[in-house]
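Structure file upload27.txt (compact mmCIF, C-alpha atoms) follows.
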```
# COMPACT_ATOMS: atom_id res chain seq x y z
CA MET A 4 -62.01 -29.47 -15.72
CA LEU A 5 -59.31 -31.92 -16.80
CA ILE A 6 -56.91 -30.74 -14.07
CA THR A 7 -59.49 -31.33 -11.32
CA ILE A 8 -60.11 -34.84 -12.65
CA PHE A 9 -56.37 -35.58 -12.49
CA ILE A 10 -56.13 -34.23 -8.94
CA LYS A 11 -59.03 -36.47 -7.92
CA GLU A 12 -57.40 -39.43 -9.67
CA LYS A 13 -54.09 -38.76 -7.90
CA LYS A 14 -55.80 -38.83 -4.49
CA HIS A 15 -57.52 -42.12 -5.33
CA PHE A 16 -54.27 -43.58 -6.62
CA LEU A 17 -52.33 -42.55 -3.50
CA PHE A 18 -54.95 -44.18 -1.28
CA LEU A 19 -55.02 -47.39 -3.31
CA ASN A 20 -51.23 -47.44 -3.55
CA PHE A 21 -50.95 -47.10 0.23
CA ILE A 22 -53.46 -49.92 0.86
CA THR A 23 -51.78 -52.27 -1.61
CA GLY A 24 -48.41 -51.28 -0.13
CA LEU A 25 -49.60 -52.43 3.29
CA ILE A 26 -50.87 -55.69 1.81
CA ASN A 27 -47.59 -56.12 -0.09
CA PHE A 28 -45.57 -55.40 3.05
CA SER A 29 -47.48 -57.91 5.17
CA LEU A 30 -47.33 -60.59 2.45
CA PHE A 31 -43.60 -60.29 1.84
CA TYR A 32 -42.85 -59.93 5.56
CA ILE A 33 -44.57 -63.26 6.16
CA ILE A 34 -42.54 -64.83 3.34
CA THR A 35 -39.11 -63.36 4.17
CA ASN A 36 -39.29 -62.62 7.94
CA ASP A 37 -36.97 -59.64 7.40
CA ILE A 38 -38.69 -56.38 8.28
CA LYS A 39 -35.87 -54.06 7.14
CA ILE A 40 -35.50 -55.42 3.62
CA THR A 41 -39.27 -55.71 3.17
CA LEU A 42 -39.88 -52.15 4.38
CA VAL A 43 -37.14 -50.69 2.17
CA SER A 44 -38.45 -52.65 -0.82
CA VAL A 45 -42.05 -51.57 -0.37
CA VAL A 46 -41.13 -47.92 0.23
CA PHE A 47 -38.82 -47.93 -2.81
CA GLY A 48 -41.56 -49.45 -4.95
CA PHE A 49 -44.18 -47.10 -3.46
CA ILE A 50 -42.15 -44.00 -4.30
CA PHE A 51 -41.38 -45.16 -7.82
CA SER A 52 -44.99 -46.19 -8.42
CA ILE A 53 -46.14 -42.69 -7.45
CA LEU A 54 -43.50 -41.06 -9.66
CA HIS A 55 -44.47 -43.32 -12.56
CA PHE A 56 -48.15 -42.45 -12.17
CA LEU A 57 -47.46 -38.70 -11.87
CA SER A 58 -45.28 -38.84 -14.98
CA LEU A 59 -48.09 -40.59 -16.83
CA CYS A 60 -50.63 -37.98 -15.64
CA SER A 61 -48.43 -35.06 -16.62
CA SER A 62 -47.82 -36.57 -20.05
CA ILE A 63 -51.52 -37.04 -20.65
CA SER A 64 -52.49 -33.60 -19.39
CA THR A 65 -49.88 -31.78 -21.50
CA ILE A 66 -50.74 -33.70 -24.66
CA PHE A 67 -54.06 -31.88 -24.85
CA ASN A 68 -52.30 -28.50 -24.89
CA ARG A 69 -49.93 -29.34 -27.75
CA PRO A 70 -50.39 -28.81 -31.47
CA MET A 71 -51.45 -31.91 -33.37
CA ASN A 72 -48.16 -32.34 -35.25
CA LYS A 73 -46.09 -32.43 -32.02
CA ILE A 74 -48.30 -34.80 -30.01
CA LYS A 75 -46.80 -37.99 -31.46
CA ILE A 76 -43.21 -36.89 -30.84
CA TYR A 77 -43.97 -35.70 -27.30
CA ALA A 78 -45.88 -38.86 -26.39
CA SER A 79 -43.19 -41.11 -27.85
CA LEU A 80 -40.39 -39.34 -25.99
CA HIS A 81 -42.21 -39.48 -22.67
CA TYR A 82 -43.10 -43.12 -23.25
CA LEU A 83 -39.42 -43.88 -23.87
CA PHE A 84 -38.41 -41.84 -20.81
CA ARG A 85 -40.84 -43.75 -18.56
CA TYR A 86 -39.53 -47.10 -19.82
CA ILE A 87 -35.90 -46.07 -19.29
CA LEU A 88 -36.77 -45.11 -15.71
CA LEU A 89 -38.60 -48.41 -15.33
CA CYS A 90 -35.52 -50.33 -16.51
CA ILE A 91 -33.32 -48.43 -14.05
CA PHE A 92 -35.78 -49.18 -11.24
CA ILE A 93 -35.90 -52.89 -12.05
CA PHE A 94 -32.11 -53.05 -12.34
CA ILE A 95 -31.69 -51.41 -8.92
CA SER A 96 -34.35 -53.65 -7.40
CA ILE A 97 -32.72 -56.82 -8.64
CA THR A 98 -29.06 -55.96 -8.05
CA ASN A 99 -29.29 -54.27 -4.63
CA GLU A 100 -28.92 -56.64 -1.70
CA ASN A 101 -31.01 -54.45 0.62
CA ILE A 102 -34.06 -54.55 -1.64
CA ASN A 103 -36.33 -57.50 -2.28
CA GLY A 104 -36.80 -57.35 -6.04
CA PHE A 105 -40.16 -59.14 -5.99
CA ALA A 106 -41.64 -56.81 -3.37
CA SER A 107 -40.53 -53.62 -5.08
CA ILE A 108 -41.51 -54.77 -8.58
CA PHE A 109 -44.87 -55.96 -7.27
CA MET A 110 -45.52 -52.37 -6.18
CA LEU A 111 -45.30 -51.33 -9.84
CA LEU A 112 -48.41 -53.37 -10.51
CA ASN A 113 -50.36 -50.86 -8.44
CA VAL A 114 -50.68 -48.61 -11.48
CA LYS A 115 -52.30 -51.40 -13.48
CA ILE A 116 -54.43 -52.52 -10.53
CA TYR A 117 -55.61 -48.93 -10.09
CA PHE A 118 -56.74 -48.63 -13.71
CA TYR A 119 -58.50 -52.00 -13.58
CA ILE A 120 -60.37 -51.02 -10.41
CA GLU A 121 -61.30 -47.63 -11.88
CA ASN A 122 -62.63 -49.29 -15.04
CA ILE A 123 -64.69 -51.75 -13.02
CA LEU A 124 -66.16 -48.96 -10.88
CA ILE A 125 -66.83 -46.70 -13.87
CA LYS A 126 -68.65 -49.45 -15.79
CA LYS A 127 -71.03 -50.08 -12.88
```
Could you write out this structure as structure tokens?
Amino acid sequence: MLITIFIKEKKHFLFLNFITGLINFSLFYIITNDIKITLVSVVFGFIFSILHFLSLCSSISTIFNRPMNKIKIYASLHYLFRYILLCIFIFISITNENINGFASIFMLLNVKIYFYIENILIKK
């Protein structure tokens, strides 16, 4: 039951991430007028956003199969791992000349936007 819910959530997230990626691409292309840098930035952010979401889903789904005394350690380690990856992503986005840092970091907000939209739709 829980696995089918996560598969459904992943499909919704991929669709929403793609739509917001198109919006992000068009917005930053209008601002920068450089299609190569904008495309690389959005694709880089898109891929990392998907990996971040899948990591979050796998952490949540495996927590339910762990003994109670190991849940806190497992969750804390995966939380730390996700934030280390996030720091690496932001560092690469800011320091690389071929990536627009704002466009790629804006793609990370898709995870938060997705959860806000899901909560709004669930409450209705």
(Q) Give me, as a list of chain:residue names, all polymer residues having an atom no more than 8 Å from stretch 14-19 of chain A, counting only C-alpha atoms and skipping those fewer than 5 positions away in the same chain. (A)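 So the residues in contact are A:Ile53, A:Asn113, A:Val114, A:Tyr117.
With only C-alpha atoms as the basis for measurement, A:Ala106 is the residue among A:Leu111, A:Ile93, A:Ala106, A:Ser62 that approaches A:Ile33 most closely.
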Q) In Å, with one decimal, what is the gap from atom CA of A:Leu42 to atom CA of A:Phe56? A)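 Result for atom CA of A:Leu42 versus atom CA of A:Phe56: 20.9 Å, one decimal.
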Q: Do a neighbour search on A:Val46 at 10 Å with all atoms listed in the file, toss out local chain neighbours closer than 4 positions, and write the hits as a PyMOL selection string.
A: chain A and resi 21+24+28+40-42+50-52+102+106-107+110
Q) Hey, can you check how far atom CA of A:Leu30 sits from atom CA of A:Asn103? A) 12.4 Å
Q: Please indicate the distance in Å from atom CA of A:Asn68 to atom CA of A:His81, rounded to one decimal place.
A: 15.1 Å
Q. Which one of A:Phe49, A:Val43, A:Ile34, A:Ser58 sits closest to A:Leu88 if you count all atoms listed in the file?
A. A:Ser58
Rebuild N, CA and C atoms on stretch 50-84 of chain A, as a PDB file, keeping the file's coordinate frame?
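Everything below was put into part-v5.pdb:
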```
ATOM      1  N   ILE A  50     -42.601 -45.295  -3.782  1.00  0.00           N
ATOM      2  CA  ILE A  50     -42.150 -44.000  -4.300  1.00  0.00           C
ATOM      3  C   ILE A  50     -42.065 -44.033  -5.825  1.00  0.00           C
ATOM      4  N   PHE A  51     -41.490 -45.093  -6.368  1.00  0.00           N
ATOM      5  CA  PHE A  51     -41.380 -45.160  -7.820  1.00  0.00           C
ATOM      6  C   PHE A  51     -42.741 -45.309  -8.483  1.00  0.00           C
ATOM      7  N   SER A  52     -43.644 -46.038  -7.863  1.00  0.00           N
ATOM      8  CA  SER A  52     -44.990 -46.190  -8.420  1.00  0.00           C
ATOM      9  C   SER A  52     -45.700 -44.837  -8.486  1.00  0.00           C
ATOM     10  N   ILE A  53     -45.533 -44.032  -7.451  1.00  0.00           N
ATOM     11  CA  ILE A  53     -46.140 -42.690  -7.450  1.00  0.00           C
ATOM     12  C   ILE A  53     -45.499 -41.822  -8.531  1.00  0.00           C
ATOM     13  N   LEU A  54     -44.175 -41.859  -8.632  1.00  0.00           N
ATOM     14  CA  LEU A  54     -43.500 -41.060  -9.660  1.00  0.00           C
ATOM     15  C   LEU A  54     -43.900 -41.503 -11.066  1.00  0.00           C
ATOM     16  N   HIS A  55     -44.054 -42.792 -11.261  1.00  0.00           N
ATOM     17  CA  HIS A  55     -44.470 -43.320 -12.560  1.00  0.00           C
ATOM     18  C   HIS A  55     -45.880 -42.837 -12.911  1.00  0.00           C
ATOM     19  N   PHE A  56     -46.779 -42.889 -11.946  1.00  0.00           N
ATOM     20  CA  PHE A  56     -48.150 -42.450 -12.170  1.00  0.00           C
ATOM     21  C   PHE A  56     -48.218 -40.941 -12.424  1.00  0.00           C
ATOM     22  N   LEU A  57     -47.458 -40.153 -11.663  1.00  0.00           N
ATOM     23  CA  LEU A  57     -47.460 -38.700 -11.870  1.00  0.00           C
ATOM     24  C   LEU A  57     -46.868 -38.338 -13.231  1.00  0.00           C
ATOM     25  N   SER A  58     -45.856 -39.066 -13.652  1.00  0.00           N
ATOM     26  CA  SER A  58     -45.280 -38.840 -14.980  1.00  0.00           C
ATOM     27  C   SER A  58     -46.311 -39.149 -16.070  1.00  0.00           C
ATOM     28  N   LEU A  59     -47.044 -40.225 -15.879  1.00  0.00           N
ATOM     29  CA  LEU A  59     -48.090 -40.590 -16.830  1.00  0.00           C
ATOM     30  C   LEU A  59     -49.186 -39.513 -16.869  1.00  0.00           C
ATOM     31  N   CYS A  60     -49.595 -39.031 -15.702  1.00  0.00           N
ATOM     32  CA  CYS A  60     -50.630 -37.980 -15.640  1.00  0.00           C
ATOM     33  C   CYS A  60     -50.160 -36.689 -16.286  1.00  0.00           C
ATOM     34  N   SER A  61     -48.918 -36.310 -16.026  1.00  0.00           N
ATOM     35  CA  SER A  61     -48.430 -35.060 -16.620  1.00  0.00           C
ATOM     36  C   SER A  61     -48.302 -35.189 -18.136  1.00  0.00           C
ATOM     37  N   SER A  62     -47.909 -36.360 -18.601  1.00  0.00           N
ATOM     38  CA  SER A  62     -47.820 -36.570 -20.050  1.00  0.00           C
ATOM     39  C   SER A  62     -49.192 -36.457 -20.701  1.00  0.00           C
ATOM     40  N   ILE A  63     -50.171 -37.077 -20.079  1.00  0.00           N
ATOM     41  CA  ILE A  63     -51.520 -37.040 -20.650  1.00  0.00           C
ATOM     42  C   ILE A  63     -52.101 -35.637 -20.611  1.00  0.00           C
ATOM     43  N   SER A  64     -51.890 -34.929 -19.505  1.00  0.00           N
ATOM     44  CA  SER A  64     -52.490 -33.600 -19.390  1.00  0.00           C
ATOM     45  C   SER A  64     -51.826 -32.589 -20.330  1.00  0.00           C
ATOM     46  N   THR A  65     -50.526 -32.735 -20.599  1.00  0.00           N
ATOM     47  CA  THR A  65     -49.880 -31.780 -21.500  1.00  0.00           C
ATOM     48  C   THR A  65     -50.091 -32.116 -22.972  1.00  0.00           C
ATOM     49  N   ILE A  66     -50.471 -33.340 -23.267  1.00  0.00           N
ATOM     50  CA  ILE A  66     -50.740 -33.700 -24.660  1.00  0.00           C
ATOM     51  C   ILE A  66     -51.900 -32.875 -25.214  1.00  0.00           C
ATOM     52  N   PHE A  67     -52.893 -32.607 -24.379  1.00  0.00           N
ATOM     53  CA  PHE A  67     -54.060 -31.880 -24.850  1.00  0.00           C
ATOM     54  C   PHE A  67     -53.771 -30.409 -25.150  1.00  0.00           C
ATOM     55  N   ASN A  68     -52.660 -29.893 -24.651  1.00  0.00           N
ATOM     56  CA  ASN A  68     -52.300 -28.500 -24.890  1.00  0.00           C
ATOM     57  C   ASN A  68     -51.277 -28.329 -26.004  1.00  0.00           C
ATOM     58  N   ARG A  69     -50.935 -29.373 -26.692  1.00  0.00           N
ATOM     59  CA  ARG A  69     -49.930 -29.340 -27.750  1.00  0.00           C
ATOM     60  C   ARG A  69     -50.594 -29.291 -29.124  1.00  0.00           C
ATOM     61  N   PRO A  70     -49.877 -28.741 -30.098  1.00  0.00           N
ATOM     62  CA  PRO A  70     -50.390 -28.810 -31.470  1.00  0.00           C
ATOM     63  C   PRO A  70     -50.378 -30.257 -31.978  1.00  0.00           C
ATOM     64  N   MET A  71     -51.237 -30.539 -32.893  1.00  0.00           N
ATOM     65  CA  MET A  71     -51.450 -31.910 -33.370  1.00  0.00           C
ATOM     66  C   MET A  71     -50.186 -32.534 -33.944  1.00  0.00           C
ATOM     67  N   ASN A  72     -49.342 -31.767 -34.611  1.00  0.00           N
ATOM     68  CA  ASN A  72     -48.160 -32.340 -35.250  1.00  0.00           C
ATOM     69  C   ASN A  72     -47.058 -32.694 -34.234  1.00  0.00           C
ATOM     70  N   LYS A  73     -47.117 -32.156 -33.012  1.00  0.00           N
ATOM     71  CA  LYS A  73     -46.090 -32.430 -32.020  1.00  0.00           C
ATOM     72  C   LYS A  73     -46.534 -33.451 -30.969  1.00  0.00           C
ATOM     73  N   ILE A  74     -47.779 -33.871 -31.019  1.00  0.00           N
ATOM     74  CA  ILE A  74     -48.300 -34.800 -30.010  1.00  0.00           C
ATOM     75  C   ILE A  74     -47.582 -36.152 -30.090  1.00  0.00           C
ATOM     76  N   LYS A  75     -47.406 -36.667 -31.297  1.00  0.00           N
ATOM     77  CA  LYS A  75     -46.800 -37.990 -31.460  1.00  0.00           C
ATOM     78  C   LYS A  75     -45.355 -38.002 -30.962  1.00  0.00           C
ATOM     79  N   ILE A  76     -44.601 -36.978 -31.275  1.00  0.00           N
ATOM     80  CA  ILE A  76     -43.210 -36.890 -30.840  1.00  0.00           C
ATOM     81  C   ILE A  76     -43.145 -36.775 -29.314  1.00  0.00           C
ATOM     82  N   TYR A  77     -43.961 -35.901 -28.746  1.00  0.00           N
ATOM     83  CA  TYR A  77     -43.970 -35.700 -27.300  1.00  0.00           C
ATOM     84  C   TYR A  77     -44.371 -36.981 -26.570  1.00  0.00           C
ATOM     85  N   ALA A  78     -45.418 -37.629 -27.036  1.00  0.00           N
ATOM     86  CA  ALA A  78     -45.880 -38.860 -26.390  1.00  0.00           C
ATOM     87  C   ALA A  78     -44.841 -39.968 -26.506  1.00  0.00           C
ATOM     88  N   SER A  79     -44.210 -40.077 -27.656  1.00  0.00           N
ATOM     89  CA  SER A  79     -43.190 -41.110 -27.850  1.00  0.00           C
ATOM     90  C   SER A  79     -41.972 -40.885 -26.955  1.00  0.00           C
ATOM     91  N   LEU A  80     -41.544 -39.641 -26.840  1.00  0.00           N
ATOM     92  CA  LEU A  80     -40.390 -39.340 -25.990  1.00  0.00           C
ATOM     93  C   LEU A  80     -40.687 -39.608 -24.521  1.00  0.00           C
ATOM     94  N   HIS A  81     -41.859 -39.232 -24.062  1.00  0.00           N
ATOM     95  CA  HIS A  81     -42.210 -39.480 -22.670  1.00  0.00           C
ATOM     96  C   HIS A  81     -42.432 -40.965 -22.393  1.00  0.00           C
ATOM     97  N   TYR A  82     -42.952 -41.674 -23.368  1.00  0.00           N
ATOM     98  CA  TYR A  82     -43.100 -43.120 -23.250  1.00  0.00           C
ATOM     99  C   TYR A  82     -41.721 -43.770 -23.099  1.00  0.00           C
ATOM    100  N   LEU A  83     -40.781 -43.364 -23.931  1.00  0.00           N
ATOM    101  CA  LEU A  83     -39.420 -43.880 -23.870  1.00  0.00           C
ATOM    102  C   LEU A  83     -38.766 -43.512 -22.531  1.00  0.00           C
ATOM    103  N   PHE A  84     -38.965 -42.291 -22.082  1.00  0.00           N
ATOM    104  CA  PHE A  84     -38.410 -41.840 -20.810  1.00  0.00           C
ATOM    105  C   PHE A  84     -38.945 -42.671 -19.639  1.00  0.00           C
TER     106      PHE A  84
END
```
